Amino acid sequence: MSHRPAVAEGPPERVPTDVPGAAPARAHRVLVVDFGSQYTQLIARRVREAGVYCEIHPFDVPDGFVAEFAPRGIILSGGPETVTEGSTPRIPDQVFAAGVPVLGICYGMHAMAAQLGGAVEPSTHREFGHAEVEAAPQDRLLEGLTDGGRMPVWMSHGDKVTAVPPGFVVTAHTESAPVAAMTDPARRLFGVQFHPEVTHTARGADIVRRFARDICGCAGSWTPGHIVEEAVASVRAQVGDGRVVLGLSGGVDSSVAAALLSRAIGDRLTCVFVDNGLLRLHEREEVEAAFTRGGNALDVDVVTEDASEEFLAALAGHDDPEAKRKIIGGTFIDVFQRAAARLEDVRWLGQGTIYPDVIESAASKYGKAHVIKSHHNVGGLPERMHLSLVEPLRDLFKDEVRKVGMALGLPRELVYRHPFPGPGLAVRVLGEVRREYLDVLRQADAIFLDELRRADWYDRVSQAFAVYLPVASVGVVGDARRYEHVIALRAVETTDFMTARWAELPYDLLGRVSNRIMNEIAGVSRVVYDVSSKPPATIEWE
Ligand code: XMP
């Protein structure tokens, strides 16, 4: 089997820019045109992993957009519609007018075939899942990426191309799809029926890389080093000599945003860390150690607001999950605003918004696969505080945020830690939040995470935590029956947190966690493991 060697991510190289004024990291770029596929973000991630900057825009961009964006290549996503119906999305003429290579995936290929003079028909059955294509040996896109001409791929479509447009040749087929890939070598137009962006397509990432790097000729300059360099320059240009305040939560996004802002503007950044009394064991100390003088390579001004009393008092007597969330969100804004008001001359609010949040709020009317994030914990803060926003991670995917965090010297445990909800342990103590419940939960949670780390399971699950169930359950201590409360353990595997599978943790690991919780913590009579997947269960218990 022959394939091209992967291109090493060398030191940042300066590349001539195709886009006036663009920084080197974005000089060569790919445009991903979104037709509403659930996989569109994956396409963009694969392009970025190939070291090429790209952006996702809906298919109905305004006239002139493509020329202004100046991509070296364009990828057309899949989508939930069918081109066999007249009112569904079409590829705008400006895509073909750009004269750059175009790769259509699934719906993108159907639209390309239909619009350029080929034919598309509904399949008699929907093809979904693993398939094997047989590819032509000389195709520029697939060459060297097959195993003797065969390639396992992931299919998900209801239509098929039955005649390729003039100028195209068929470059792959499957048993049920006569045209699984097509190419017009002269115009450098490519179509694939399968999804190279999903990991089930064995050489899918290589196909995307082949397109972006070799066919479009993009240099691999989208590297963590370049990203940091560019973000630093752009923050400096944006805020000038202004001062920035940022709410540090201890999560990945706000931590990396803090590190980046600090690199850019040094002591003109002040971070406010609100201790809401709903944090995990030692969390406050860990955040302070990661950022404050002497604790780490990073030297960031962090102001800790101890507001645990205020949060617990506000939560007293409330047992409804949504009411609890609202109280916590409102109290956070009050506390944060108060702390920020003590800082002089602050005109900017830093936020760790990341690219998926941006895409989701900008999806076109066809963007059916996009689910709008439902957890806006601190919405409205910039307006209320009359501050302008600076969002240094706005163009980055989560995996890129992590790489940037490592490049900036943040501790690995912080950069790769599981997500933790804004309302913290309050949504993990079911019903009314009480201090004594939080104390027990904190210890149980720490034992669970500690054992997961020791057994090398922490990084194998996406999120793991303990939940406090204030239901009286009987236990025996000596000769006496005692009614105490229950701890539930939850560990899930997921890529997008929209769906999740419960993790099949080894029994001996669960046994150790259970023994330790019951032996080391007073007040727990029983430990249970949650074996519910999402849907229908959610990840959190409230
Ligand atoms: P669910 O429970 O909806 O959780 O399956 C999906 C992901 O979202 C997190 N989550 C929250 N995050 N504020 C947050 O910042 C919240 O109110 C909230 N509720 C759930 C949850 O931890 C999981 O990662």
# chains A, B, ... in the order shown; residues from 1 in each chain; ligands from 1
$ residues_near_ligand --ligand "ligand 1" --cutoff "10 Å" --atoms "only C-alpha atoms and all ligand atoms" --output "PyMOL selection string"
chain A and resi 251+321-322+324-326+328-329+373-378+418-424+426-428+462-465+492+494+496-500+533-542
$ residues_around --residues "Pro71 in chain A" --least-positions-apart "6" --cutoff "7 Å" --atoms "only C-alpha atoms" --output "VMD selection string"
chain A and resid 28 to 31
$ residues_around --residues "Ala181 in chain A" --least-positions-apart "4" --cutoff "12 Å" --atoms "only C-alpha atoms" --output "PyMOL selection string"
chain A and resi 103-106+108-110+112-113+133-136+139-142+151+153+155+160-164+168-174+177+189-196
$ residues_around --residues "Val303 in chain A" --least-positions-apart "6" --cutoff "8 Å" --atoms "only C-alpha atoms" --output "ChimeraX atom specification"
/A:270-273
$ atom_distance --atom1 "CA of Gly225 in chain A" --atom2 "CA of Phe397 in chain A"
15.5 Å
$ residues_around --residues "Ala237 in chain A" --least-positions-apart "4" --cutoff "12 Å" --atoms "only C-alpha atoms" --output "ChimeraX atom specification"
/A:230-233,241-242,264-265,390,392
$ write_last_selection --atoms "N, CA, C and O atoms" --output "mmCIF file, in the first residue's frame"
data_model
loop_
_atom_site.group_PDB
_atom_site.id
_atom_site.type_symbol
_atom_site.label_atom_id
_atom_site.label_comp_id
_atom_site.auth_asym_id
_atom_site.auth_seq_id
_atom_site.Cartn_x
_atom_site.Cartn_y
_atom_site.Cartn_z
ATOM 1 N N GLU A 230 -0.847 35.081 16.204
ATOM 2 C CA GLU A 230 -1.844 35.894 15.537
ATOM 3 C C GLU A 230 -2.896 36.430 16.517
ATOM 4 O O GLU A 230 -3.307 37.586 16.445
ATOM 5 N N ALA A 231 -3.321 35.573 17.465
ATOM 6 C CA ALA A 231 -4.333 36.008 18.427
ATOM 7 C C ALA A 231 -3.781 37.131 19.296
ATOM 8 O O ALA A 231 -4.480 38.082 19.625
ATOM 9 N N VAL A 232 -2.524 37.014 19.649
ATOM 10 C CA VAL A 232 -1.885 38.052 20.470
ATOM 11 C C VAL A 232 -1.894 39.381 19.715
ATOM 12 O O VAL A 232 -2.296 40.424 20.257
ATOM 13 N N ALA A 233 -1.508 39.334 18.434
ATOM 14 C CA ALA A 233 -1.483 40.562 17.630
ATOM 15 C C ALA A 233 -2.887 41.140 17.510
ATOM 16 O O ALA A 233 -3.088 42.355 17.606
ATOM 17 N N ASP A 241 -4.518 50.257 24.398
ATOM 18 C CA ASP A 241 -3.946 50.274 25.746
ATOM 19 C C ASP A 241 -5.032 50.129 26.820
ATOM 20 O O ASP A 241 -4.845 50.494 27.974
ATOM 21 N N GLY A 242 -6.189 49.577 26.427
ATOM 22 C CA GLY A 242 -7.296 49.397 27.370
ATOM 23 C C GLY A 242 -7.062 48.270 28.369
ATOM 24 O O GLY A 242 -6.166 47.450 28.211
ATOM 25 N N ALA A 264 -0.952 38.709 25.644
ATOM 26 C CA ALA A 264 -1.089 39.874 24.768
ATOM 27 C C ALA A 264 -0.940 41.202 25.510
ATOM 28 O O ALA A 264 -0.291 42.115 25.019
ATOM 29 N N ILE A 265 -1.538 41.304 26.707
ATOM 30 C CA ILE A 265 -1.593 42.642 27.331
ATOM 31 C C ILE A 265 -1.059 42.665 28.758
ATOM 32 O O ILE A 265 -1.151 43.687 29.434
ATOM 33 N N VAL A 390 -14.087 41.238 24.136
ATOM 34 C CA VAL A 390 -12.908 40.729 23.440
ATOM 35 C C VAL A 390 -12.914 39.210 23.620
ATOM 36 O O VAL A 390 -12.967 38.703 24.734
ATOM 37 N N PRO A 392 -10.855 36.143 22.354
ATOM 38 C CA PRO A 392 -9.686 35.684 21.591
ATOM 39 C C PRO A 392 -9.803 34.239 21.061
ATOM 40 O O PRO A 392 -8.972 33.845 20.253
#
$ residues_around --residues "range 46-55 of chain A" --least-positions-apart "4" --cutoff "8 Å" --atoms "only C-alpha atoms" --output "MDAnalysis selection string"
chainID A and resid 9 25:26 28:32 42 197 205 208:209 212:213 218:223
$ residues_around --residues "Asp60 in chain A" --least-positions-apart "3" --cutoff "9 Å" --atoms "only C-alpha atoms" --output "MDAnalysis selection string"
chainID A and resid 33:34 57 63 89:92 364
$ write_last_selection --atoms "C-alpha atoms" --output "CSV table (one decimal), in the first residue's frame"
chain,number,residue,atom,x,y,z
A,33,VAL,CA,-20.2,25.9,2.6
A,34,ASP,CA,-22.8,24.5,4.9
A,57,HIS,CA,-20.6,29.8,6.1
A,63,ASP,CA,-23.1,38.1,-3.4
A,89,PRO,CA,-30.6,24.7,-1.4
A,90,ARG,CA,-28.3,25.2,-4.4
A,91,ILE,CA,-24.6,26.0,-4.8
A,92,PRO,CA,-24.3,29.7,-5.5
A,364,SER,CA,-28.8,29.7,8.2
$ atom_distance --atom1 "CA of Arg342 in chain A" --atom2 "CA of Asp253 in chain A"
24.6 Å
$ closest_residue --among "A:Pro122, A:Gly144, A:Gly277, A:Gly117" --to "Leu425 in chain A" --atoms "only C-alpha atoms"
A:Gly277
$ closest_residue --among "A:Gly129, A:Val120, A:Ala97, A:Val346" --to "Arg187 in chain A" --atoms "only C-alpha atoms"
A:Ala97
$ select_by_dssp --residues "range 92-335 of chain A" --states "strand (DSSP E)" --output "ChimeraX atom specification"
/A:102-105,119-135,150-163,169-173,181-184,189-192,243-248,269-275,301-306
